[in-house]
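Okay, data01.pdb now, which holds PDB, C-alpha atoms:
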ATOM      1  CA  MET A1449      28.331  -9.185  21.109
ATOM      2  CA  ILE A1450      25.872 -12.042  20.762
ATOM      3  CA  LEU A1451      22.155 -11.761  21.413
ATOM      4  CA  LEU A1452      20.505 -14.905  22.682
ATOM      5  CA  THR A1453      16.728 -15.201  22.844
ATOM      6  CA  ARG A1454      14.608 -17.669  24.763
ATOM      7  CA  LYS A1455      10.848 -17.871  24.249
ATOM      8  CA  ILE A1456       8.255 -19.104  26.730
ATOM      9  CA  GLU A1457       4.465 -19.059  26.785
ATOM     10  CA  PHE A1458       2.102 -18.571  29.648
ATOM     11  CA  SER A1459      -1.633 -18.034  30.030
ATOM     12  CA  ALA A1460      -3.145 -15.510  32.370
ATOM     13  CA  SER A1461      -6.229 -13.406  32.912
ATOM     14  CA  HIS A1462      -6.467  -9.703  33.560
ATOM     15  CA  ARG A1463      -8.786  -6.725  33.623
ATOM     16  CA  TYR A1464      -8.193  -3.027  32.954
ATOM     17  CA  ASP A1465      -9.844  -0.864  35.568
ATOM     18  CA  ASN A1466      -8.639   2.295  37.236
ATOM     19  CA  PRO A1467     -10.443   2.812  40.573
ATOM     20  CA  ALA A1468      -9.772   6.558  40.325
ATOM     21  CA  LEU A1469     -12.041   6.744  37.274
ATOM     22  CA  SER A1470     -15.815   6.444  37.156
ATOM     23  CA  PRO A1471     -17.358   3.282  35.665
ATOM     24  CA  GLU A1472     -18.290   5.294  32.570
ATOM     25  CA  GLU A1473     -14.746   6.626  32.159
ATOM     26  CA  ASN A1474     -13.264   3.166  32.643
ATOM     27  CA  ARG A1475     -15.612   1.863  29.972
ATOM     28  CA  ARG A1476     -14.705   4.661  27.606
ATOM     29  CA  VAL A1477     -10.933   4.362  28.099
ATOM     30  CA  PHE A1478     -10.582   0.590  28.262
ATOM     31  CA  GLY A1479     -13.550  -0.670  26.235
ATOM     32  CA  LYS A1480     -14.177  -4.390  26.539
ATOM     33  CA  CYS A1481     -10.915  -4.783  28.486
ATOM     34  CA  ASN A1482     -12.952  -3.294  31.339
ATOM     35  CA  ASN A1483     -15.547  -6.102  31.374
ATOM     36  CA  PRO A1484     -16.098  -6.885  35.066
ATOM     37  CA  HIS A1485     -14.928 -10.478  35.204
ATOM     38  CA  GLY A1486     -11.761 -10.048  33.168
ATOM     39  CA  HIS A1487     -10.505 -12.059  30.238
ATOM     40  CA  GLY A1488      -7.310 -13.877  29.350
ATOM     41  CA  HIS A1489      -4.523 -14.284  26.836
ATOM     42  CA  ASN A1490      -1.892 -16.733  25.769
ATOM     43  CA  TYR A1491       1.151 -14.608  26.323
ATOM     44  CA  THR A1492       4.427 -15.202  24.547
ATOM     45  CA  LEU A1493       7.531 -13.869  26.220
ATOM     46  CA  GLU A1494      10.839 -13.441  24.411
ATOM     47  CA  VAL A1495      13.816 -12.762  26.634
ATOM     48  CA  THR A1496      17.011 -11.603  24.939
ATOM     49  CA  VAL A1497      20.361 -11.697  26.732
ATOM     50  CA  GLU A1498      23.494  -9.993  25.400
ATOM     51  CA  GLY A1499      27.068 -11.017  25.989
ATOM     52  CA  GLU A1500      30.233 -12.608  24.693
ATOM     53  CA  PRO A1501      30.457 -16.391  24.469
ATOM     54  CA  ASP A1502      32.528 -17.902  27.262
ATOM     55  CA  PRO A1503      35.787 -19.209  25.696
ATOM     56  CA  VAL A1504      35.449 -22.548  27.481
ATOM     57  CA  THR A1505      31.740 -23.319  27.096
ATOM     58  CA  GLY A1506      31.009 -21.296  23.971
ATOM     59  CA  MET A1507      27.876 -19.959  25.698
ATOM     60  CA  VAL A1508      26.728 -16.458  26.615
ATOM     61  CA  LEU A1509      24.898 -18.110  29.490
ATOM     62  CA  ASP A1510      23.784 -21.628  30.224
ATOM     63  CA  LEU A1511      20.325 -21.993  28.672
ATOM     64  CA  SER A1512      19.249 -24.430  31.364
ATOM     65  CA  GLU A1513      20.034 -21.734  33.919
ATOM     66  CA  LEU A1514      17.956 -19.210  31.955
ATOM     67  CA  LYS A1515      15.099 -21.711  31.751
ATOM     68  CA  LYS A1516      15.181 -22.117  35.531
ATOM     69  CA  ILE A1517      15.143 -18.349  36.058
ATOM     70  CA  LEU A1518      12.175 -17.961  33.700
ATOM     71  CA  GLU A1519      10.324 -20.819  35.374
ATOM     72  CA  ARG A1520      10.856 -19.367  38.828
ATOM     73  CA  GLU A1521      10.387 -15.676  38.113
ATOM     74  CA  VAL A1522       7.725 -15.716  35.401
ATOM     75  CA  MET A1523       5.957 -19.068  35.065
ATOM     76  CA  GLN A1524       5.402 -19.680  38.752
ATOM     77  CA  ARG A1525       4.246 -16.102  39.287
ATOM     78  CA  MET A1526       2.057 -15.573  36.245
ATOM     79  CA  ASP A1527       1.093 -18.785  34.464
ATOM     80  CA  HIS A1528      -2.602 -19.609  34.954
ATOM     81  CA  ARG A1529      -2.967 -16.659  37.305
ATOM     82  CA  HIS A1530      -5.096 -13.537  37.380
ATOM     83  CA  LEU A1531      -2.568 -10.727  36.916
ATOM     84  CA  ASN A1532      -4.661  -8.194  38.863
ATOM     85  CA  TYR A1533      -5.113 -10.322  41.968
ATOM     86  CA  GLU A1534      -2.321 -12.866  42.150
ATOM     87  CA  VAL A1535       0.868 -11.055  41.161
ATOM     88  CA  PRO A1536       1.996  -8.682  43.945
ATOM     89  CA  GLU A1537       4.508  -6.930  41.671
ATOM     90  CA  LEU A1538       1.580  -5.720  39.540
ATOM     91  CA  ALA A1539      -0.453  -4.398  42.469
ATOM     92  CA  GLY A1540      -1.701  -0.906  41.730
ATOM     93  CA  LEU A1541      -0.732  -1.117  38.056
ATOM     94  CA  ILE A1542      -3.051  -1.638  35.099
ATOM     95  CA  PRO A1543      -1.758  -4.980  33.752
ATOM     96  CA  THR A1544      -1.197  -3.815  30.193
ATOM     97  CA  CYS A1545       1.489  -5.299  27.966
ATOM     98  CA  GLU A1546       3.634  -2.247  28.717
ATOM     99  CA  ASN A1547       3.422  -2.641  32.494
ATOM    100  CA  VAL A1548       3.756  -6.434  32.521
ATOM    101  CA  ALA A1549       6.811  -6.263  30.238
ATOM    102  CA  ARG A1550       8.450  -3.742  32.560
ATOM    103  CA  VAL A1551       7.712  -5.801  35.669
ATOM    104  CA  ILE A1552       9.152  -8.885  33.973
ATOM    105  CA  TRP A1553      12.287  -6.881  33.126
ATOM    106  CA  GLN A1554      12.596  -5.823  36.771
ATOM    107  CA  LEU A1555      12.171  -9.406  37.956
ATOM    108  CA  LEU A1556      14.704 -10.856  35.524
ATOM    109  CA  GLU A1557      17.362  -8.165  35.343
ATOM    110  CA  PRO A1558      18.960  -8.849  38.769
ATOM    111  CA  LYS A1559      18.757 -12.627  38.286
ATOM    112  CA  ILE A1560      20.683 -12.769  35.030
ATOM    113  CA  THR A1561      24.297 -12.671  36.107
ATOM    114  CA  GLN A1562      25.952 -14.284  33.078
ATOM    115  CA  GLY A1563      25.581 -11.874  30.188
ATOM    116  CA  ARG A1564      23.179  -8.988  30.570
ATOM    117  CA  LEU A1565      19.453  -8.657  29.952
ATOM    118  CA  HIS A1566      19.023  -6.907  26.603
ATOM    119  CA  ARG A1567      15.337  -6.935  25.831
ATOM    120  CA  VAL A1568      12.034  -8.280  27.090
ATOM    121  CA  ARG A1569       9.319  -8.618  24.477
ATOM    122  CA  LEU A1570       5.877  -9.632  25.668
ATOM    123  CA  TYR A1571       3.200 -10.581  23.135
ATOM    124  CA  GLU A1572      -0.375 -10.350  24.356
ATOM    125  CA  SER A1573      -1.452 -11.569  20.939
ATOM    126  CA  PRO A1574       0.476 -11.995  17.685
ATOM    127  CA  ASP A1575      -0.533  -8.435  16.739
ATOM    128  CA  LEU A1576       0.092  -6.619  20.027
ATOM    129  CA  PHE A1577       3.271  -6.605  22.060
ATOM    130  CA  ALA A1578       5.540  -4.433  24.184
ATOM    131  CA  ASP A1579       9.326  -4.219  24.271
ATOM    132  CA  CYS A1580      11.300  -3.177  27.328
ATOM    133  CA  TYR A1581      14.960  -2.330  26.944
ATOM    134  CA  ARG A1582      17.624  -0.021  28.309
ATOM    135  CA  ASN A1583      17.316   3.548  27.105
ATOM    136  CA  GLY A1584      19.721   4.083  24.245
ATOM    137  CA  ALA A1585      20.464   0.385  23.809
ATOM    138  CA  ARG A1586      20.581  -0.901  20.302
ATOM    139  CA  LYS A1587      17.726  -3.318  20.536
ATOM    140  CA  ALA A1588      17.224  -6.601  18.790
ATOM    141  CA  THR A1589      14.807  -6.320  15.895
ATOM    142  CA  ALA A1590      12.168  -8.868  15.023
TER     143      ALA A1590
ATOM    144  CA  MET B 223      12.639  -3.662  43.819
ATOM    145  CA  GLY B 224       9.239  -2.010  43.497
ATOM    146  CA  PRO B 225       7.553  -1.876  40.136
ATOM    147  CA  GLY B 226       8.133   1.848  39.765
ATOM    148  CA  ALA B 227      11.857   1.741  40.494
ATOM    149  CA  ASN B 228      14.526   2.441  37.939
ATOM    150  CA  THR B 229      12.049   3.201  35.184
ATOM    151  CA  GLY B 230      14.005   6.226  33.989
ATOM    152  CA  ALA B 231      16.667   3.955  32.545
ATOM    153  CA  LEU B 232      14.165   1.793  30.723
ATOM    154  CA  LYS B 233      12.383   2.365  27.496
ATOM    155  CA  ILE B 234       9.029   0.842  26.667
ATOM    156  CA  GLU B 235       7.919   0.423  23.092
ATOM    157  CA  LEU B 236       4.518  -0.778  21.984
ATOM    158  CA  GLY B 237       4.389  -3.007  18.908
ATOM    159  CA  ARG B 238       1.296  -3.396  16.765
ATOM    160  CA  ARG B 239       0.691  -5.364  13.555
ATOM    161  CA  TYR B 240      -1.799  -4.600  10.792
ATOM    162  CA  ARG B 241      -2.598  -6.161   7.434
ATOM    163  CA  PHE B 242      -3.477  -4.813   4.025
ATOM    164  CA  ALA B 243      -3.602  -6.224   0.523
ATOM    165  CA  ALA B 244      -2.461  -4.146  -2.415
ATOM    166  CA  SER B 245      -1.087  -4.434  -5.907
ATOM    167  CA  HIS B 246       2.019  -2.862  -7.323
ATOM    168  CA  ARG B 247       4.290  -2.918 -10.318
ATOM    169  CA  LEU B 248       8.009  -2.333 -10.134
ATOM    170  CA  HIS B 249       8.887  -0.267 -13.139
ATOM    171  CA  SER B 250      11.015   2.826 -13.360
ATOM    172  CA  ALA B 251      10.324   5.460 -16.002
ATOM    173  CA  ARG B 252      14.033   6.309 -15.866
ATOM    174  CA  LEU B 253      15.006   2.901 -17.188
ATOM    175  CA  SER B 254      14.485   1.315 -20.593
ATOM    176  CA  GLU B 255      12.034  -1.558 -21.025
ATOM    177  CA  ALA B 256      14.942  -3.964 -21.283
ATOM    178  CA  GLU B 257      16.575  -2.591 -18.127
ATOM    179  CA  ASN B 258      13.288  -2.724 -16.226
ATOM    180  CA  HIS B 259      12.819  -6.296 -17.260
ATOM    181  CA  ARG B 260      16.364  -7.225 -16.321
ATOM    182  CA  LEU B 261      16.230  -5.480 -12.953
ATOM    183  CA  TYR B 262      12.707  -6.212 -11.768
ATOM    184  CA  GLY B 263      11.988  -9.464 -13.585
ATOM    185  CA  LYS B 264       8.372 -10.593 -13.280
ATOM    186  CA  CYS B 265       7.690  -7.768 -10.813
ATOM    187  CA  SER B 266       7.741  -5.533 -13.870
ATOM    188  CA  ASN B 267       4.962  -7.395 -15.701
ATOM    189  CA  PRO B 268       2.699  -4.720 -17.206
ATOM    190  CA  TYR B 269      -0.481  -5.166 -15.193
ATOM    191  CA  GLY B 270       1.128  -5.531 -11.778
ATOM    192  CA  HIS B 271       0.595  -8.103  -9.074
ATOM    193  CA  GLY B 272      -0.348  -8.032  -5.386
ATOM    194  CA  HIS B 273       0.732  -8.964  -1.910
ATOM    195  CA  ASN B 274      -0.778  -9.468   1.502
ATOM    196  CA  TYR B 275       1.327  -6.944   3.354
ATOM    197  CA  VAL B 276       1.876  -7.024   7.085
ATOM    198  CA  LEU B 277       2.696  -3.690   8.695
ATOM    199  CA  GLU B 278       4.392  -3.678  12.084
ATOM    200  CA  ILE B 279       4.972  -0.409  13.899
ATOM    201  CA  GLY B 280       6.734   0.467  17.152
ATOM    202  CA  VAL B 281       5.838   3.531  19.214
ATOM    203  CA  SER B 282       7.508   4.670  22.409
ATOM    204  CA  GLY B 283       6.660   7.071  25.185
ATOM    205  CA  GLU B 284       5.852   7.385  28.838
ATOM    206  CA  VAL B 285       3.423   4.837  30.199
ATOM    207  CA  ASP B 286       0.474   6.812  31.559
ATOM    208  CA  PRO B 287      -0.036   5.629  35.158
ATOM    209  CA  ALA B 288      -3.787   6.135  34.832
ATOM    210  CA  THR B 289      -4.146   3.767  31.882
ATOM    211  CA  GLY B 290      -0.968   1.672  31.915
ATOM    212  CA  MET B 291      -0.598   2.512  28.242
ATOM    213  CA  ILE B 292       1.824   4.473  26.062
ATOM    214  CA  ALA B 293      -1.045   5.395  23.795
ATOM    215  CA  ASN B 294      -4.672   4.426  23.731
ATOM    216  CA  LEU B 295      -4.851   1.479  21.374
ATOM    217  CA  ALA B 296      -8.123   2.594  19.820
ATOM    218  CA  ASP B 297      -6.565   5.977  18.996
ATOM    219  CA  LEU B 298      -3.492   4.336  17.475
ATOM    220  CA  ASP B 299      -5.565   1.859  15.473
ATOM    221  CA  GLY B 300      -7.846   4.638  14.239
ATOM    222  CA  PHE B 301      -4.886   6.748  13.149
ATOM    223  CA  VAL B 302      -3.233   3.883  11.245
ATOM    224  CA  GLU B 303      -6.553   2.962   9.680
ATOM    225  CA  ARG B 304      -7.067   6.507   8.438
ATOM    226  CA  GLU B 305      -3.501   7.237   7.324
ATOM    227  CA  VAL B 306      -2.452   3.896   5.835
ATOM    228  CA  LEU B 307      -4.974   1.083   5.770
ATOM    229  CA  GLU B 308      -7.876   2.948   4.224
ATOM    230  CA  PRO B 309      -5.782   4.573   1.459
ATOM    231  CA  PHE B 310      -3.708   1.420   0.733
ATOM    232  CA  ASP B 311      -5.900  -1.626   1.314
ATOM    233  CA  HIS B 312      -7.289  -3.177  -1.866
ATOM    234  CA  ARG B 313      -5.683  -0.476  -3.959
ATOM    235  CA  SER B 314      -3.046  -0.228  -6.614
ATOM    236  CA  LEU B 315      -0.080   1.468  -4.958
ATOM    237  CA  ASN B 316       1.153   2.791  -8.304
ATOM    238  CA  GLU B 317      -2.160   4.254  -9.378
ATOM    239  CA  GLU B 318      -3.867   5.246  -6.167
ATOM    240  CA  VAL B 319      -1.129   6.463  -3.825
ATOM    241  CA  PRO B 320       0.176   9.820  -5.043
ATOM    242  CA  ALA B 321       3.687   9.249  -3.651
ATOM    243  CA  PHE B 322       4.144   6.358  -6.060
ATOM    244  CA  ARG B 323       3.187   8.230  -9.216
ATOM    245  CA  ASP B 324       6.879   8.904  -9.792
ATOM    246  CA  LYS B 325       8.525   6.602  -7.286
ATOM    247  CA  VAL B 326       8.849   2.838  -7.588
ATOM    248  CA  PRO B 327       6.640   1.168  -4.957
ATOM    249  CA  THR B 328       9.261  -1.209  -3.671
ATOM    250  CA  THR B 329       8.736  -2.237  -0.073
ATOM    251  CA  GLU B 330      11.756  -0.106   0.844
ATOM    252  CA  ASN B 331       9.960   2.958  -0.488
ATOM    253  CA  LEU B 332       6.705   1.750   1.051
ATOM    254  CA  CYS B 333       8.353   1.681   4.500
ATOM    255  CA  VAL B 334       9.501   5.274   4.074
ATOM    256  CA  GLU B 335       6.097   6.414   2.810
ATOM    257  CA  ILE B 336       4.291   4.732   5.715
ATOM    258  CA  PHE B 337       6.777   6.238   8.179
ATOM    259  CA  GLN B 338       6.102   9.710   6.772
ATOM    260  CA  ARG B 339       2.365   9.169   7.088
ATOM    261  CA  LEU B 340       2.524   7.889  10.673
ATOM    262  CA  LYS B 341       5.224  10.046  12.238
ATOM    263  CA  SER B 342       2.746  12.791  13.148
ATOM    264  CA  PHE B 343       0.924  10.519  15.606
ATOM    265  CA  SER B 344       0.651  12.870  18.552
ATOM    266  CA  ALA B 345       0.266  10.483  21.488
ATOM    267  CA  ALA B 346       3.595   8.639  21.126
ATOM    268  CA  LYS B 347       6.838   8.675  19.197
ATOM    269  CA  LEU B 348       6.989   6.527  16.095
ATOM    270  CA  GLU B 349      10.188   4.487  16.430
ATOM    271  CA  ARG B 350      10.060   2.147  13.481
ATOM    272  CA  VAL B 351       8.033   0.762  10.624
ATOM    273  CA  ARG B 352       8.504  -2.773   9.408
ATOM    274  CA  VAL B 353       6.695  -4.135   6.358
ATOM    275  CA  GLU B 354       6.493  -7.779   5.390
ATOM    276  CA  GLU B 355       5.863  -8.023   1.688
ATOM    277  CA  THR B 356       5.679 -11.791   2.001
ATOM    278  CA  SER B 357       6.540 -13.990   4.948
ATOM    279  CA  ASN B 358      10.032 -14.279   3.453
ATOM    280  CA  ASN B 359      10.802 -10.618   2.734
ATOM    281  CA  SER B 360      10.571  -7.838   5.270
ATOM    282  CA  PHE B 361      11.903  -4.297   5.379
ATOM    283  CA  GLU B 362      12.389  -1.990   8.330
ATOM    284  CA  TYR B 363      12.822   1.737   8.643
ATOM    285  CA  ALA B 364      13.613   3.427  11.950
ATOM    286  CA  ALA B 365      13.444   6.957  13.285
ATOM    287  CA  ASP B 366      17.255   7.020  13.313
ATOM    288  CA  ASP B 367      17.203   6.583   9.532
ATOM    289  CA  LEU B 368      15.056   9.650   8.942
ATOM    290  CA  THR B 369      17.919  11.810   7.773
ATOM    291  CA  ASP B 370      18.363   9.771   4.628
ATOM    292  CA  ALA B 371      14.749   9.373   3.663
ATOM    293  CA  THR B 372      15.549   9.237   0.012
ATOM    294  CA  GLU B 373      14.203   6.922  -2.578
ATOM    295  CA  VAL B 374      15.727   3.489  -2.448
ATOM    296  CA  GLY B 375      16.326   2.311  -5.964
ATOM    297  CA  ALA B 376      17.163  -1.327  -5.443
ATOM    298  CA  HIS B 377      14.689  -3.943  -4.371
ATOM    299  CA  SER B 378      15.051  -7.407  -3.089
ATOM    300  CA  GLU B 379      11.985  -9.144  -4.382
ATOM    301  CA  GLY B 380      13.577 -10.235  -7.632
ATOM    302  CA  ASN B 381      14.096 -13.897  -8.119
ATOM    303  CA  THR B 382      13.981 -14.810  -4.478
ATOM    304  CA  LEU B 383      10.225 -15.351  -4.424
TER     305      LEU B 383
END
Can you present the structure in this file as structure tokens?
Amino acid sequence: MILLTRKIEFSASHRYDNPALSPEENRRVFGKCNNPHGHGHNYTLEVTVEGEPDPVTGMVLDLSELKKILEREVMQRMDHRHLNYEVPELAGLIPTCENVARVIWQLLEPKITQGRLHRVRLYESPDLFADCYRNGARKATA
Amino acid sequence: MGPGANTGALKIELGRRYRFAASHRLHSARLSEAENHRLYGKCSNPYGHGHNYVLEIGVSGEVDPATGMIANLADLDGFVEREVLEPFDHRSLNEEVPAFRDKVPTTENLCVEIFQRLKSFSAAKLERVRVEETSNNSFEYAADDLTDATEVGAHSEGNTL
């Protein structure tokens, strides 16, 4: 099995705030991520697809096809957007790395029909990221 | 598909990177001077040397719907600070970390030691510890490897630096 990884970058703003909590609790739990007007990150997304190379093309999947999927599903939805207000799939969720990575998995998984989605890794910063993968799957390391 | 669908089949792991600087000397009391020199090369020089280490950890667990998080980041950072960064940063691993009094502080052994120190984190499951000794050498130790948490004698710093 071959693992193929494509990396893209997008920029977005977000804010952590749970309406079920009081302002003081939100402040305590989320710290400066609760600041009222939000803040932003340069996100880096690594998408790993698993599969066997096609005997004719030598490819697990056509990278230009993967680029189109990422452009349509991720870039157009999230790049230069406010994740709390402009991404319906994140409605009602705190837009943490964990939740955004899972939503990206759910957006991509049905669209990748050559090979199979193996892992989504979303970096909020170089020192903080979340991985989403199938339970029990041997995941790609760094 | 709604955002909550199919989550049972998915695993979420949070990755976090930290930095510390420390010195070490690779030298085994079980080997002769000549053998130490042959095996560890300049890493066995008598007064030690240092690295800017990068520690990367992965923790998994349920994402709390109230916070969107596996574990509160401040809690995780505080735990790592207390268990690893404070006792290791700007220290001599050989002299100031008890585990390395009689164990060679290779980065293999450092991974295992850090795993042991962090595995009791109560808010999430520690999946893996990865240590970059330099940007060219990194070592990883995963929860699956726990059963053979024995000292690793070899090291891969050698002449590759």
Determine, using only C-alpha atoms, which residues of chain B have any atom at most 7 Å from an atom of chain A, and tabulate each with its shortest atom pair and distance in Å to one decimal place, rows ordered by chain and then rising number, as JSON lines.
{"residue": "B:Pro225", "atom": "CA", "partner": "A:Val1551", "partner_atom": "CA", "distance": 5.9}
{"residue": "B:Ala231", "atom": "CA", "partner": "A:Asn1583", "partner_atom": "CA", "distance": 5.5}
{"residue": "B:Leu232", "atom": "CA", "partner": "A:Arg1582", "partner_atom": "CA", "distance": 4.6}
{"residue": "B:Lys233", "atom": "CA", "partner": "A:Asn1583", "partner_atom": "CA", "distance": 5.1}
{"residue": "B:Ile234", "atom": "CA", "partner": "A:Cys1580", "partner_atom": "CA", "distance": 4.7}
{"residue": "B:Glu235", "atom": "CA", "partner": "A:Asp1579", "partner_atom": "CA", "distance": 5.0}
{"residue": "B:Leu236", "atom": "CA", "partner": "A:Ala1578", "partner_atom": "CA", "distance": 4.4}
{"residue": "B:Gly237", "atom": "CA", "partner": "A:Phe1577", "partner_atom": "CA", "distance": 4.9}
{"residue": "B:Arg238", "atom": "CA", "partner": "A:Leu1576", "partner_atom": "CA", "distance": 4.7}
{"residue": "B:Arg239", "atom": "CA", "partner": "A:Asp1575", "partner_atom": "CA", "distance": 4.6}
{"residue": "B:Ala288", "atom": "CA", "partner": "A:Asn1466", "partner_atom": "CA", "distance": 6.6}
{"residue": "B:Thr289", "atom": "CA", "partner": "A:Ile1542", "partner_atom": "CA", "distance": 6.4}
{"residue": "B:Gly290", "atom": "CA", "partner": "A:Ile1542", "partner_atom": "CA", "distance": 5.0}
{"residue": "B:Met291", "atom": "CA", "partner": "A:Glu1546", "partner_atom": "CA", "distance": 6.4}
Report, in Å with one decimal, the straight-line distance from CA of Arg350 (chain B) to CA of Asn1490 (chain A).
25.5 Å
Reference answer for the PyMOL selection byres ((chain A and resi 1457-1459) around 8), as JSON, numbers by chain:
{"A": [1455, 1456, 1460, 1461, 1488, 1489, 1490, 1491, 1492, 1493, 1523, 1526, 1527, 1528, 1529]}
Can you measure CA of Glu318 (chain B) to CA of Ser245 (chain B) for me? One decimal in Å is fine.
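Interatomic distance, CA of Glu318 (chain B) to CA of Ser245 (chain B): 10.1 Å.
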Skip region 333-336 of chain B itself and residues of its chain fewer than 3 positions away, then list as a list of chain:residue names all residues within 9 Å of it, counting all atoms listed in the file.
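Close residues of region 333-336 of chain B: B:Leu277, B:Glu305, B:Val306, B:Ala321, B:Thr328, B:Thr329, B:Glu330, B:Arg339, B:Leu340, B:Lys341, B:Val351, B:Arg352, B:Val353, B:Phe361, B:Glu362, B:Tyr363, B:Leu368, B:Ala371, B:Thr372, B:Glu373.
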Let me see the file: selected residues, C-alpha atoms, as a PDB file, in the coordinates of the input.
ATOM      1  CA  LEU B 277       2.696  -3.690   8.695  1.00  0.00           C
ATOM      2  CA  GLU B 305      -3.501   7.237   7.324  1.00  0.00           C
ATOM      3  CA  VAL B 306      -2.452   3.896   5.835  1.00  0.00           C
ATOM      4  CA  ALA B 321       3.687   9.249  -3.651  1.00  0.00           C
ATOM      5  CA  THR B 328       9.261  -1.209  -3.671  1.00  0.00           C
ATOM      6  CA  THR B 329       8.736  -2.237  -0.073  1.00  0.00           C
ATOM      7  CA  GLU B 330      11.756  -0.106   0.844  1.00  0.00           C
ATOM      8  CA  ARG B 339       2.365   9.169   7.088  1.00  0.00           C
ATOM      9  CA  LEU B 340       2.524   7.889  10.673  1.00  0.00           C
ATOM     10  CA  LYS B 341       5.224  10.046  12.238  1.00  0.00           C
ATOM     11  CA  VAL B 351       8.033   0.762  10.624  1.00  0.00           C
ATOM     12  CA  ARG B 352       8.504  -2.773   9.408  1.00  0.00           C
ATOM     13  CA  VAL B 353       6.695  -4.135   6.358  1.00  0.00           C
ATOM     14  CA  PHE B 361      11.903  -4.297   5.379  1.00  0.00           C
ATOM     15  CA  GLU B 362      12.389  -1.990   8.330  1.00  0.00           C
ATOM     16  CA  TYR B 363      12.822   1.737   8.643  1.00  0.00           C
ATOM     17  CA  LEU B 368      15.056   9.650   8.942  1.00  0.00           C
ATOM     18  CA  ALA B 371      14.749   9.373   3.663  1.00  0.00           C
ATOM     19  CA  THR B 372      15.549   9.237   0.012  1.00  0.00           C
ATOM     20  CA  GLU B 373      14.203   6.922  -2.578  1.00  0.00           C
TER      21      GLU B 373
END
What would the list of residues within 8 Å of (16.9, -13.2, 34.9) (file frame) look like as a VMD selection string, if only C-alpha atoms are what count?
chain A and resid 1514 1517 to 1518 1521 1555 to 1561 1565
Build an axis-aligned box that encloses every atom of region 251-265 of chain B listed in the file, pad it by 5 Å on each side, and report its centre and edge lengths in Å to one decimal, as JSON.
{"center_x": 12.1, "center_y": -2.1, "center_z": -16.0, "size_x": 18.9, "size_y": 26.9, "size_z": 20.5}
Please indicate the distance in Å from CA of Lys325 (chain B) to CA of Arg252 (chain B), rounded to one decimal place.
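Interatomic distance, CA of Lys325 (chain B) to CA of Arg252 (chain B): 10.2 Å.
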Return as a list in words the set of residues that the PyMOL selection byres ((chain B and resi 273) around 9) yields on the displayed structure.
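Going through the file, the PyMOL selection byres ((chain B and resi 273) around 9) ends up selecting Phe242, Ala243, Ala244, Ser245, His246, His271, Gly272, Asn274, Tyr275, Glu355 and Thr356 of chain B.
Residues in contact range of Pro268 (chain B), defined as at most 12 Å between all atoms listed in the file, with sequence neighbours fewer than 5 positions away removed, read B:Ser245, B:His246, B:Arg247, B:Leu248, B:His249, B:Ser250, B:Glu255, B:Asn258, B:His259, B:Tyr262, B:Gly263, B:Asn316.
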Contacts of Lys347 (chain B) at 9 Å or less, counting all atoms listed in the file, minus same-chain residues fewer than 6 places along, as a list of chain:residue names?
B:Gly280, B:Val281, B:Ser282, B:Gly283, B:Lys341
Write out, as a PDB file, in the coordinates of the input, the residues just selected, with C-alpha atoms.
ATOM      1  CA  GLY B 280       6.734   0.467  17.152  1.00  0.00           C
ATOM      2  CA  VAL B 281       5.838   3.531  19.214  1.00  0.00           C
ATOM      3  CA  SER B 282       7.508   4.670  22.409  1.00  0.00           C
ATOM      4  CA  GLY B 283       6.660   7.071  25.185  1.00  0.00           C
ATOM      5  CA  LYS B 341       5.224  10.046  12.238  1.00  0.00           C
TER       6      LYS B 341
END
Starting from the sparse input, extend region 284-293 of chain B to N, CA and C atoms and give the output as a compact mmCIF listing (two decimals), keeping the file's coordinate frame.
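Below you can see rebuild_29.txt, which holds the result:
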# COMPACT_ATOMS: atom_id res chain seq x y z
N GLU B 284 6.09 7.65 27.42
CA GLU B 284 5.85 7.38 28.84
C GLU B 284 4.59 6.55 28.99
N VAL B 285 4.63 5.60 29.90
CA VAL B 285 3.42 4.84 30.20
C VAL B 285 2.57 5.66 31.17
N ASP B 286 1.37 6.01 30.73
CA ASP B 286 0.47 6.81 31.56
C ASP B 286 0.03 5.98 32.76
N PRO B 287 0.33 6.45 34.00
CA PRO B 287 -0.04 5.63 35.16
C PRO B 287 -1.54 5.39 35.26
N ALA B 288 -2.33 6.28 34.72
CA ALA B 288 -3.79 6.14 34.83
C ALA B 288 -4.32 5.02 33.94
N THR B 289 -3.64 4.77 32.83
CA THR B 289 -4.15 3.77 31.88
C THR B 289 -3.21 2.59 31.71
N GLY B 290 -1.96 2.72 32.15
CA GLY B 290 -0.97 1.67 31.92
C GLY B 290 -0.51 1.60 30.48
N MET B 291 -0.87 2.58 29.68
CA MET B 291 -0.60 2.51 28.24
C MET B 291 0.29 3.67 27.78
N ILE B 292 1.07 3.41 26.74
CA ILE B 292 1.82 4.47 26.06
C ILE B 292 0.85 5.34 25.28
N ALA B 293 -0.04 4.68 24.58
CA ALA B 293 -1.04 5.40 23.80
C ALA B 293 -2.29 4.53 23.78
